[in-house]
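So this block is my_file.tsv, TSV, C-alpha atoms:
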```tsv
chain	number	residue	atom	x	y	z
A	78	MET	CA	90.04	86.19	89.28
A	79	MET	CA	90.19	88.19	92.52
A	80	PRO	CA	91.49	85.97	95.35
A	81	GLU	CA	89.31	85.45	98.40
A	82	LEU	CA	90.78	87.79	101.03
A	83	GLY	CA	88.21	87.10	103.75
A	84	LYS	CA	87.86	89.47	106.69
A	85	TYR	CA	91.21	91.20	105.98
A	86	GLU	CA	90.23	92.37	102.49
A	87	ILE	CA	90.42	96.09	103.39
A	88	GLU	CA	93.86	95.75	105.02
A	89	VAL	CA	95.39	93.82	102.11
A	90	LEU	CA	93.86	95.97	99.36
A	91	SER	CA	94.73	99.24	101.10
A	92	SER	CA	98.35	98.09	101.59
A	93	TYR	CA	98.68	97.36	97.88
A	94	ALA	CA	96.87	100.54	96.83
A	95	VAL	CA	98.94	102.85	99.07
A	96	SER	CA	102.25	101.22	98.12
A	97	ILE	CA	101.55	101.21	94.38
A	98	VAL	CA	100.42	104.86	94.43
A	99	ILE	CA	103.57	105.90	96.36
A	100	ILE	CA	105.89	103.95	94.02
A	101	VAL	CA	104.20	105.29	90.86
A	102	ALA	CA	104.40	108.85	92.25
A	103	LEU	CA	108.12	108.42	93.04
A	104	VAL	CA	108.83	107.12	89.52
A	105	ALA	CA	106.74	109.87	87.88
A	106	ILE	CA	108.41	112.65	89.91
A	107	SER	CA	111.87	111.22	89.12
A	108	ILE	CA	111.13	111.11	85.37
A	109	LEU	CA	109.65	114.63	85.31
A	110	ARG	CA	112.61	116.08	87.27
A	111	SER	CA	115.03	114.31	84.94
A	112	ARG	CA	113.35	115.76	81.82
A	113	LYS	CA	113.24	119.23	83.36
A	114	ALA	CA	116.94	119.13	84.37
A	115	ARG	CA	117.96	117.87	80.91
A	116	ALA	CA	115.97	120.61	79.13
A	117	LEU	CA	117.29	123.34	81.42
A	118	LEU	CA	120.92	122.22	80.95
A	119	ASP	CA	120.49	122.08	77.15
A	120	ASP	CA	119.09	125.59	77.25
A	121	VAL	CA	121.89	127.00	79.43
A	122	GLU	CA	124.61	125.19	77.42
A	123	LYS	CA	123.24	126.60	74.14
A	124	ARG	CA	123.14	130.10	75.65
A	125	SER	CA	126.66	129.90	77.06
A	126	GLY	CA	127.88	128.47	73.72
A	127	ARG	CA	126.41	131.50	71.92
A	128	ASN	CA	127.96	133.90	74.41
A	129	GLY	CA	131.37	132.19	74.05
B	219	MET	CA	140.74	96.31	83.07
B	220	ALA	CA	138.71	99.49	83.60
B	221	SER	CA	138.84	101.00	87.06
B	222	ILE	CA	135.60	101.67	88.96
B	223	TRP	CA	136.83	105.24	89.52
B	224	GLU	CA	136.32	105.95	85.79
B	225	TYR	CA	132.61	106.22	86.63
B	226	ALA	CA	133.40	109.10	88.96
B	227	ASN	CA	133.66	111.13	85.76
B	228	PRO	CA	130.16	112.64	85.32
B	229	LYS	CA	130.17	112.25	81.52
B	230	LYS	CA	131.26	108.61	81.73
B	231	PHE	CA	128.64	107.96	84.44
B	232	ILE	CA	125.84	109.47	82.33
B	233	ALA	CA	126.95	107.63	79.16
B	234	THR	CA	127.12	104.26	80.95
B	235	THR	CA	123.89	104.61	82.93
B	236	ASP	CA	122.07	105.83	79.79
B	237	LYS	CA	122.84	102.45	78.23
B	238	LEU	CA	121.95	100.45	81.36
B	239	LEU	CA	118.84	102.36	82.43
B	240	PRO	CA	116.32	100.88	79.93
B	241	TRP	CA	117.44	97.33	80.74
B	242	VAL	CA	117.42	97.76	84.50
B	243	SER	CA	114.03	99.52	84.34
B	244	ALA	CA	112.51	96.78	82.18
B	245	LEU	CA	113.85	94.06	84.49
B	246	ALA	CA	112.49	95.97	87.52
B	247	VAL	CA	109.00	96.17	85.99
B	248	VAL	CA	109.03	92.47	85.02
B	249	ALA	CA	110.23	91.35	88.47
B	250	LEU	CA	107.87	93.66	90.39
B	251	VAL	CA	104.77	92.87	88.33
B	252	SER	CA	105.40	89.11	88.24
B	253	GLY	CA	106.38	88.94	91.94
B	254	LEU	CA	103.37	90.91	93.12
B	255	ILE	CA	100.93	89.02	90.87
B	256	TRP	CA	102.40	85.70	92.02
B	257	GLY	CA	102.20	86.72	95.68
B	258	PHE	CA	98.78	88.38	95.55
B	259	PHE	CA	96.88	85.95	93.32
B	260	PHE	CA	98.65	82.61	93.63
B	261	THR	CA	99.71	82.13	97.25
B	262	PRO	CA	97.43	80.69	99.94
B	263	GLU	CA	96.29	82.31	103.17
B	264	ASP	CA	98.42	81.69	106.22
B	265	TYR	CA	96.79	79.61	108.97
B	266	LYS	CA	97.51	82.36	111.54
B	267	GLN	CA	97.65	85.62	109.58
B	268	GLY	CA	94.95	84.84	107.03
B	269	SER	CA	95.23	86.91	103.84
B	270	THR	CA	97.31	89.62	105.56
B	271	VAL	CA	100.33	87.41	104.80
B	272	LYS	CA	100.15	88.90	101.28
B	273	ILE	CA	101.33	92.22	102.72
B	274	ILE	CA	104.86	90.75	103.16
B	275	TYR	CA	105.46	91.10	99.39
B	276	LEU	CA	105.46	94.87	99.89
B	277	HIS	CA	106.49	95.28	103.51
B	278	VAL	CA	109.61	93.09	103.57
B	279	PRO	CA	111.22	94.33	100.29
B	280	ALA	CA	110.42	97.98	101.21
B	281	ALA	CA	111.94	97.58	104.69
B	282	LEU	CA	114.99	95.86	103.22
B	283	MET	CA	115.50	98.67	100.71
B	284	ALA	CA	114.93	101.37	103.33
B	285	ILE	CA	117.97	100.03	105.23
B	286	ASN	CA	120.06	99.12	102.16
B	287	ALA	CA	119.49	102.55	100.57
B	288	TRP	CA	121.01	104.16	103.66
B	289	MET	CA	123.93	101.69	103.47
B	290	MET	CA	124.49	102.63	99.82
B	291	MET	CA	124.41	106.32	100.86
B	292	LEU	CA	126.97	105.51	103.57
B	293	VAL	CA	129.36	103.93	101.04
B	294	ALA	CA	128.87	106.85	98.62
B	295	SER	CA	129.41	109.36	101.46
B	296	LEU	CA	132.63	107.63	102.51
B	297	VAL	CA	133.84	107.75	98.90
B	298	TRP	CA	133.07	111.49	98.88
B	299	ILE	CA	134.89	112.07	102.20
B	300	VAL	CA	137.96	110.05	101.16
B	301	ARG	CA	138.25	110.67	97.42
B	302	ARG	CA	136.16	113.84	96.83
B	303	HIS	CA	134.31	112.39	93.81
B	304	HIS	CA	131.26	114.58	93.16
B	305	VAL	CA	129.30	111.77	91.48
B	306	SER	CA	129.38	109.71	94.68
B	307	ALA	CA	128.05	112.62	96.78
B	308	LEU	CA	125.32	113.23	94.18
B	309	ALA	CA	124.46	109.51	94.09
B	310	ALA	CA	123.97	109.59	97.87
B	311	ARG	CA	121.75	112.65	97.51
B	312	ALA	CA	119.79	110.91	94.71
B	313	ALA	CA	119.21	107.79	96.81
B	314	ALA	CA	117.78	109.58	99.87
B	315	PRO	CA	114.22	110.26	98.58
B	316	ILE	CA	114.01	106.67	97.34
B	317	GLY	CA	115.09	105.33	100.74
B	318	ALA	CA	112.66	107.67	102.50
B	319	THR	CA	109.83	106.44	100.24
B	320	MET	CA	110.72	102.82	101.01
B	321	THR	CA	110.68	103.64	104.74
B	322	VAL	CA	107.20	105.17	104.42
B	323	ILE	CA	105.92	102.08	102.58
B	324	ALA	CA	107.42	99.80	105.24
B	325	LEU	CA	105.93	101.86	108.10
B	326	VAL	CA	102.47	102.20	106.49
B	327	THR	CA	102.14	98.56	105.41
B	328	GLY	CA	103.49	97.47	108.81
B	329	ALA	CA	100.87	99.58	110.59
B	330	ILE	CA	98.07	98.25	108.37
B	331	TRP	CA	99.23	94.68	109.05
B	332	GLY	CA	99.80	95.34	112.76
B	333	GLN	CA	96.28	96.59	113.47
B	334	PRO	CA	94.50	93.25	112.94
B	335	MET	CA	97.47	91.05	113.98
B	336	TRP	CA	98.78	92.88	117.07
B	337	GLY	CA	95.64	94.89	117.81
B	338	THR	CA	97.49	98.18	117.39
B	339	TRP	CA	98.68	100.41	114.54
B	340	TRP	CA	101.86	101.33	116.40
B	341	GLU	CA	103.96	100.12	119.30
B	342	TRP	CA	107.19	101.61	120.68
B	343	ASP	CA	108.92	98.36	119.86
B	344	PRO	CA	112.74	98.43	119.22
B	345	ARG	CA	112.48	97.73	115.49
B	346	LEU	CA	109.53	100.05	114.84
B	347	THR	CA	111.10	102.87	116.85
B	348	SER	CA	114.51	102.56	115.16
B	349	PHE	CA	112.73	102.54	111.79
B	350	LEU	CA	110.88	105.74	112.66
B	351	ILE	CA	114.19	107.33	113.70
B	352	LEU	CA	115.73	106.17	110.39
B	353	PHE	CA	112.86	107.94	108.57
B	354	LEU	CA	113.58	111.13	110.54
B	355	PHE	CA	117.26	110.82	109.53
B	356	TYR	CA	116.17	110.58	105.88
B	357	LEU	CA	114.12	113.79	106.28
B	358	GLY	CA	117.02	115.54	108.03
B	359	TYR	CA	119.47	114.42	105.35
B	360	MET	CA	117.28	115.76	102.52
B	361	ALA	CA	116.58	119.00	104.40
B	362	LEU	CA	120.32	119.55	104.97
B	363	TRP	CA	121.09	119.13	101.25
B	364	ALA	CA	118.29	121.60	100.42
B	365	ALA	CA	119.33	124.13	103.05
B	366	ILE	CA	123.00	124.59	102.06
B	367	GLU	CA	123.78	126.49	98.89
B	368	ASN	CA	127.39	125.36	98.43
B	369	ASP	CA	127.34	121.82	97.03
B	370	ASP	CA	130.67	120.76	98.55
B	371	THR	CA	129.76	122.00	102.03
B	372	ALA	CA	126.37	120.27	101.73
B	373	ALA	CA	128.09	117.04	100.66
B	374	ASP	CA	130.50	117.26	103.64
B	375	LEU	CA	127.79	117.85	106.23
B	376	THR	CA	125.31	115.34	104.83
B	377	SER	CA	128.10	112.71	104.72
B	378	ILE	CA	128.70	113.20	108.44
B	379	LEU	CA	124.94	112.96	109.08
B	380	CYS	CA	124.87	109.78	107.00
B	381	LEU	CA	127.64	108.24	109.14
B	382	VAL	CA	125.66	109.02	112.32
B	383	GLY	CA	122.38	107.75	110.84
B	384	SER	CA	124.01	104.44	109.89
B	385	VAL	CA	123.80	103.42	113.54
B	386	PHE	CA	119.99	103.57	113.28
B	387	ALA	CA	119.98	101.84	109.90
B	388	LEU	CA	121.90	98.96	111.51
B	389	LEU	CA	119.67	99.05	114.59
B	390	SER	CA	116.59	98.83	112.33
B	391	ARG	CA	118.05	95.68	110.80
B	392	TYR	CA	119.25	93.99	113.98
B	393	ALA	CA	116.91	95.42	116.64
B	394	VAL	CA	114.95	92.17	116.83
B	395	ASN	CA	118.20	90.30	117.52
B	396	PHE	CA	119.67	92.79	120.01
B	397	TRP	CA	116.56	93.07	122.15
B	398	ASN	CA	114.54	89.98	122.76
B	399	GLN	CA	111.42	92.05	123.40
B	400	GLY	CA	108.78	93.97	121.49
B	401	LEU	CA	106.05	92.85	119.16
B	402	HIS	CA	107.98	92.62	115.90
B	403	GLN	CA	108.79	89.04	114.94
B	404	GLY	CA	112.19	87.84	113.71
B	405	ALA	CA	113.44	88.23	110.14
B	406	SER	CA	111.26	86.71	107.38
B	407	LEU	CA	114.40	85.81	105.45
B	408	SER	CA	117.39	83.91	106.70
B	409	LEU	CA	120.31	81.93	105.30
B	410	ASP	CA	119.11	79.19	107.62
B	411	LYS	CA	116.27	77.54	105.69
B	412	GLU	CA	114.58	76.45	108.92
B	413	GLU	CA	114.14	80.06	110.03
B	414	HIS	CA	112.64	81.84	107.06
B	415	VAL	CA	109.05	81.81	105.80
B	416	ASN	CA	107.56	78.76	104.10
B	417	ASP	CA	108.71	78.15	100.49
B	418	VAL	CA	105.24	78.92	99.12
B	419	TYR	CA	105.70	82.54	100.29
B	420	TYR	CA	109.51	82.60	100.06
B	421	TYR	CA	109.96	82.33	96.27
B	422	PRO	CA	107.49	85.09	95.26
B	423	LEU	CA	109.02	87.19	98.05
B	424	LEU	CA	112.48	86.74	96.50
B	425	VAL	CA	111.12	87.90	93.11
B	426	CYS	CA	109.56	90.99	94.76
B	427	ILE	CA	112.85	91.75	96.55
B	428	ALA	CA	114.69	91.49	93.22
B	429	GLY	CA	112.10	93.88	91.74
B	430	PHE	CA	112.57	96.42	94.55
B	431	ILE	CA	116.38	96.23	94.25
B	432	LEU	CA	116.23	96.76	90.46
B	433	LEU	CA	113.74	99.61	90.90
B	434	PHE	CA	116.12	101.22	93.40
B	435	VAL	CA	119.10	100.85	91.03
B	436	ALA	CA	117.13	102.29	88.09
B	437	LEU	CA	115.92	105.26	90.15
B	438	VAL	CA	119.40	105.93	91.56
B	439	PHE	CA	120.80	105.98	87.99
B	440	LEU	CA	118.06	108.34	86.80
B	441	ARG	CA	118.14	110.66	89.81
B	442	THR	CA	121.97	110.81	89.91
B	443	GLN	CA	121.94	111.87	86.25
B	444	THR	CA	119.43	114.57	87.23
B	445	GLU	CA	121.66	115.76	90.10
B	446	ILE	CA	124.72	115.85	87.80
B	447	ARG	CA	122.83	117.93	85.21
B	448	ALA	CA	121.41	120.26	87.86
B	449	ARG	CA	124.93	120.80	89.29
B	450	ARG	CA	126.32	121.54	85.83
B	451	THR	CA	123.45	123.99	85.21
B	452	ARG	CA	124.17	125.79	88.49
B	453	ALA	CA	127.87	126.02	87.59
B	454	LEU	CA	127.12	127.45	84.13
B	455	LEU	CA	124.61	129.96	85.52
B	456	ALA	CA	127.16	131.06	88.15
B	457	ARG	CA	129.77	131.53	85.38
B	458	GLU	CA	127.23	133.56	83.38
B	459	ARG	CA	126.58	135.82	86.37
B	460	LEU	CA	130.32	136.36	86.89
B	461	GLY	CA	130.75	137.23	83.20
B	462	GLN	CA	128.06	139.91	83.29
```
Entire entry expressed as structure tokens:
Amino acid sequence: MMPELGKYEIEVLSSYAVSIVIIVALVAISILRSRKARALLDDVEKRSGRNG
Amino acid sequence: MASIWEYANPKKFIATTDKLLPWVSALAVVALVSGLIWGFFFTPEDYKQGSTVKIIYLHVPAALMAINAWMMMLVASLVWIVRRHHVSALAARAAAPIGATMTVIALVTGAIWGQPMWGTWWEWDPRLTSFLILFLFYLGYMALWAAIENDDTAADLTSILCLVGSVFALLSRYAVNFWNQGLHQGASLSLDKEEHVNDVYYYPLLVCIAGFILLFVALVFLRTQTEIRARRTRALLARERLGQ
């Protein structure tokens, strides 16, 4: 299944590995920050609602 | 007909992007996965570059998005300067880390490709140098947002920085045309069919570019929502402190 990459195997595979890791990290950080911001806002809105 | 300025309302922006986000994200995943699989597994080696030609499916879309992200930030910054819509300033702020990430991918994959093809990881070539400067502008832009406490002042100053940095974003795009020197070859894509890469590489490359664009849009939606919520949280906390 793996294509024959010849003498540039390391270059091609490392390009894909580095790029995919960076993209996955960016997506994961964005999702985690989004969840955290949403939870914090809910919390603060509830508190300020209680305090009028 | 609804005006585009309706989306400058944070609630309207969040409600609309909440509906769009799953679709844009799903399309991004489909385009990225299919484009990369097509390019990696089902395209032949190039007679000159060998299998390193497969790196274009990452390098070209990442470089394209590194420049286009800055252009989107420029438009959003101009909207902030002219119309004072907070959502546009926050969208520019949200796009910066994505653009910086794309610049890193373009620089790293370019260096990995350059080593066997040019015999060097790096060369002070016009396009490479302007790209490195663009990356430094991204870092400066993010640092400026982080360093200033007042959101409006931060938006004003970062918008000015964005205007200045646009020169380097444009240089990164057109450096190979302005200066007929340096190692970097001409654009891989062109409206002139004779100039761009062979069709066997071109079509999977277009799918990968579509995937990167959709990924960028999805992340800008998500991160702008985050910035809007964080701003609202800061405002509520400030009100709480004043009330105490």
Find the residues of chain A in contact range of chain B, meaning any atom within 8 Å when counting all atoms listed in the file, and list them as a list in words.
->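 That gives Met78, Met79, Pro80, Leu82, Gly83, Tyr85, Glu86, Glu88, Val89, Ser92, Tyr93, Val95, Ser96, Ile99, Ile100, Leu103, Val104, Ser107, Ile108, Arg110, Ser111, Ala114, Arg115, Leu117, Leu118, Val121, Glu122 and Ser125 of chain A for chain A.
Put simply, CA of Ser306 in chain B is 27.3 Å away from CA of Val278 in chain B.
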Notebook entry, point to check: How far is it from CA of Leu325 in chain B to CA of Ser252 in chain B, in Å with one decimal?
Noted result: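 Interatomic distance here is 23.6 Å.
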- Return the single residue from B:Gly358, B:Ser295, B:Asn368, B:Tyr420 that is closest to Ala456 in chain B, with distances computed using all atoms listed in the file.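 The answer is B:Asn368, which sits nearest to Ala456 in chain B.
Considering all atoms listed in the file, the residue among B:Val385, B:Leu379, B:Leu346, B:Leu282 positioned nearest to Ala310 in chain B is B:Leu379.
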